[in-house]
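Asker: This one is work.cif, mmCIF, C-alpha atoms.
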```cif
data_start
#
loop_
_atom_site.label_atom_id
_atom_site.label_comp_id
_atom_site.auth_asym_id
_atom_site.auth_seq_id
_atom_site.Cartn_x
_atom_site.Cartn_y
_atom_site.Cartn_z
CA MET A 1 170.78 200.51 6.77
CA ALA A 2 171.65 200.42 3.10
CA ASN A 3 168.90 200.80 0.58
CA VAL A 4 168.15 197.23 -0.44
CA ARG A 5 165.64 196.36 -3.13
CA ILE A 6 162.83 194.30 -1.67
CA SER A 7 161.03 191.92 -4.01
CA ASN A 8 157.25 191.91 -4.30
CA LYS A 9 157.30 188.28 -3.14
CA ALA A 10 159.15 189.27 0.07
CA ARG A 11 156.69 192.13 0.63
CA GLN A 12 153.76 189.76 0.24
CA HIS A 13 155.32 187.33 2.68
CA VAL A 14 155.75 190.11 5.25
CA ARG A 15 152.15 191.20 4.69
CA ASP A 16 151.05 187.61 5.30
CA LEU A 17 153.08 187.58 8.54
CA LEU A 18 151.44 190.83 9.61
CA ALA A 19 147.96 189.56 8.75
CA ASN A 20 148.61 186.41 10.79
CA TYR A 21 150.67 188.03 13.56
CA ASN A 22 148.45 186.97 16.47
CA GLU A 23 148.14 183.42 15.14
CA LEU A 24 151.92 183.38 14.64
CA LYS A 25 152.45 184.19 18.31
CA LYS A 26 149.93 181.53 19.39
CA GLU A 27 151.44 178.86 17.11
CA ASN A 28 154.91 179.66 18.43
CA SER A 29 153.68 179.31 21.99
CA ASP A 30 151.88 176.05 21.15
CA LEU A 31 155.01 174.59 19.53
CA ARG A 32 157.05 175.47 22.61
CA GLN A 33 154.47 173.83 24.85
CA MET A 34 154.45 170.66 22.72
CA ILE A 35 158.21 170.37 23.08
CA LEU A 36 158.33 171.24 26.77
CA TYR A 37 155.35 169.14 27.75
CA PRO A 38 154.89 166.31 25.24
CA PHE A 39 151.89 164.04 25.59
CA GLN A 40 152.66 161.12 27.83
CA GLU A 41 150.39 158.19 28.40
CA ASP A 42 149.33 157.55 31.97
CA ASP A 43 151.69 155.28 33.83
CA GLU A 44 149.68 152.35 35.05
CA ASN A 45 152.69 150.96 36.88
CA VAL A 46 151.78 151.85 40.46
CA GLY A 47 154.31 149.41 41.88
CA GLY A 48 157.07 152.00 42.02
CA GLY A 49 159.39 150.67 39.33
CA LYS A 50 162.24 152.79 38.03
CA SER A 51 161.47 155.59 35.62
CA SER A 52 162.57 155.17 32.04
CA LYS A 53 162.80 158.95 31.51
CA PRO A 54 166.19 160.16 30.33
CA VAL A 55 168.43 161.82 32.90
CA PHE A 56 169.00 164.85 30.71
CA GLU A 57 165.36 165.54 29.78
CA ALA A 58 165.59 169.30 30.47
CA GLU A 59 168.71 169.61 28.33
CA GLU A 60 167.08 167.65 25.51
CA LYS A 61 164.07 169.96 25.59
CA ALA A 62 166.31 173.02 25.53
CA ILE A 63 168.16 171.64 22.51
CA LYS A 64 164.90 170.87 20.73
CA LEU A 65 163.61 174.40 21.40
CA ALA A 66 166.83 176.02 20.24
CA SER A 67 167.09 173.95 17.09
CA HIS A 68 163.44 173.85 16.03
CA GLU A 69 163.34 175.79 12.74
CA GLN A 70 159.70 176.86 12.95
CA ILE A 71 160.17 178.22 16.46
CA LYS A 72 163.35 180.04 15.42
CA PHE A 73 161.68 181.66 12.41
CA ARG A 74 158.47 182.58 14.24
CA SER A 75 160.41 184.00 17.18
CA LEU A 76 162.55 186.10 14.86
CA ALA A 77 159.53 187.34 12.87
CA ILE A 78 157.61 188.23 16.04
CA LYS A 79 160.61 190.07 17.48
CA VAL A 80 161.33 191.99 14.26
CA ILE A 81 157.70 193.01 13.75
CA ALA A 82 157.33 194.15 17.36
CA ASP A 83 160.63 196.05 17.24
CA VAL A 84 159.90 197.79 13.92
CA LEU A 85 156.44 198.84 15.11
CA ALA A 86 157.77 200.04 18.47
CA ARG A 87 160.25 202.30 16.65
CA SER A 88 157.62 203.60 14.20
CA SER A 89 155.52 206.72 14.51
CA ASP A 90 152.11 206.58 16.15
CA GLU A 91 150.51 207.09 12.74
CA ALA A 92 152.47 204.21 11.20
CA GLN A 93 151.51 201.93 14.09
CA LYS A 94 147.85 202.87 13.68
CA ILE A 95 147.98 202.23 9.91
CA ILE A 96 149.43 198.74 10.45
CA GLU A 97 146.97 198.04 13.25
CA LEU A 98 143.96 199.05 11.15
CA LYS A 99 145.18 197.18 8.08
CA TYR A 100 146.41 193.95 9.69
CA PHE A 101 145.49 193.60 13.36
CA SER A 102 141.79 194.48 13.30
CA LYS A 103 139.18 191.73 13.28
CA GLU A 104 138.04 193.12 9.94
CA PRO A 105 140.98 194.67 8.04
CA MET A 106 140.09 198.09 6.66
CA SER A 107 140.39 199.35 3.11
CA TRP A 108 142.97 202.03 2.35
CA VAL A 109 140.19 204.58 1.94
CA ALA A 110 138.80 203.75 5.41
CA ILE A 111 142.29 203.83 6.94
CA ALA A 112 142.98 207.28 5.47
CA GLU A 113 139.69 208.52 6.93
CA ASN A 114 140.86 207.33 10.38
CA ILE A 115 144.29 208.98 10.24
CA ASP A 116 144.09 212.77 10.35
CA GLY A 117 146.07 214.52 7.63
CA TYR A 118 146.89 211.39 5.61
CA THR A 119 145.67 210.41 2.18
CA GLU A 120 145.08 206.89 0.95
CA ASP A 121 148.34 207.08 -1.03
CA GLY A 122 150.21 208.42 2.01
CA CYS A 123 148.96 205.52 4.13
CA ARG A 124 150.04 203.01 1.47
CA LYS A 125 153.53 204.55 1.35
CA ILE A 126 153.91 204.33 5.11
CA GLU A 127 152.72 200.71 5.09
CA ARG A 128 155.16 199.84 2.34
CA LYS A 129 158.01 201.49 4.23
CA ILE A 130 157.19 199.42 7.33
CA VAL A 131 156.85 196.22 5.27
CA ASP A 132 160.19 196.88 3.54
CA LEU A 133 161.91 197.53 6.85
CA ILE A 134 160.58 194.28 8.30
CA ALA A 135 161.72 192.41 5.18
CA GLN A 136 165.20 193.96 5.46
CA ARG A 137 165.47 193.07 9.14
CA LEU A 138 164.43 189.48 8.33
CA GLY A 139 167.23 189.35 5.77
CA TRP A 140 165.09 189.23 2.65
#
```
Will you turn the file into structure tokens for me?

Answerer:
Amino acid sequence: MANVRISNKARQHVRDLLANYNELKKENSDLRQMILYPFQEDDENVGGGKSSKPVFEAEEKAIKLASHEQIKFRSLAIKVIADVLARSSDEAQKIIELKYFSKEPMSWVAIAENIDGYTEDGCRKIERKIVDLIAQRLGW
């Protein structure tokens, strides 16, 4: 991949995505569920009248899922983050996990203490490299 300059704003956006990664996955799942299974009021017509549901309900739901911008973006972000982390070193994965996926995100000093042979500055550089790669893959 060519060396592309990543703006600080794009980096911050990626860091926000990382910090909210688990919520991002849950929101994406919730949006899908809302489209696939929308709230429907109970049918009090027990007489057996004809249904007013459209014939192509499954197709309509598929179109809504495929065209829903929030689902498309969240799905892409989740896929890119997972792919970049899967291709990263064990140390890089641990740095991102400690910084963004822990219940209480750690400081850079604490992260460096948890990664053998790495300084605070070294951990920051690895994090920035991962963030930049995610930003590039997202097209920023």

Asker: Between atom CA of A:Cys123 and atom CA of A:Trp108, what is the spacing in Å?

Answerer: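 Interatomic distance here is 7.2 Å.
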
Asker: Would you compute the distance between atom CA of A:Val84 and atom CA of A:Ile134? Give it in Å to one decimal.

Answerer: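 We find that atom CA of A:Val84 and atom CA of A:Ile134 lie 6.7 Å from each other.
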
Asker: Can you pull out the residues contacting A:Leu17? Cut-off 10 Å, using all atoms listed in the file, and skip same-chain residues under 6 positions away; I want them as a ChimeraX atom specification.

Answerer: /A:11,23-24,74,77-78,81,100,131

Asker: Evaluate the PyMOL selection byres ((chain A and resi 107) around 12) against this structure - the residues, as a PyMOL selection string, please.

Answerer: chain A and resi 95-96+98-100+102+104-106+108-114+120-121+123-124

Asker: Hey, which of A:Ala19, A:Ile126, A:Ile115, A:Val80 ends up closest to A:Leu138? Count only C-alpha atoms.

Answerer: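 Residue with the minimum atom-to-atom distance to A:Leu138: A:Val80.
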
Asker: Given the file above and the PyMOL selection byres ((chain A and resi 4) around 10), which residues are selected, and can you give them as a PyMOL selection string?

Answerer: chain A and resi 1-3+5-7+132-133+135-136+140

Asker: Just give me the gap between atom CA of A:Asp30 and atom CA of A:Ala10 in Å, one decimal is fine.

Answerer: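 Going from atom CA of A:Asp30 over to atom CA of A:Ala10 covers 25.9 Å.
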
Asker: Hey, what's within 12 Å of A:Lys26 if we count only C-alpha atoms and toss same-chain stuff fewer than 5 positions away? As a VMD selection string, please?

Answerer: chain A and resid 20 to 21 31 to 33 71 74 to 75 78

Asker: Which residue gives the smallest distance to A:Ala86 among A:Asp16, A:Ile130, A:Lys9, A:Ser29, with all atoms listed in the file counted?

Answerer: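 Answer, going by the shortest atom-to-atom distance: A:Ile130.
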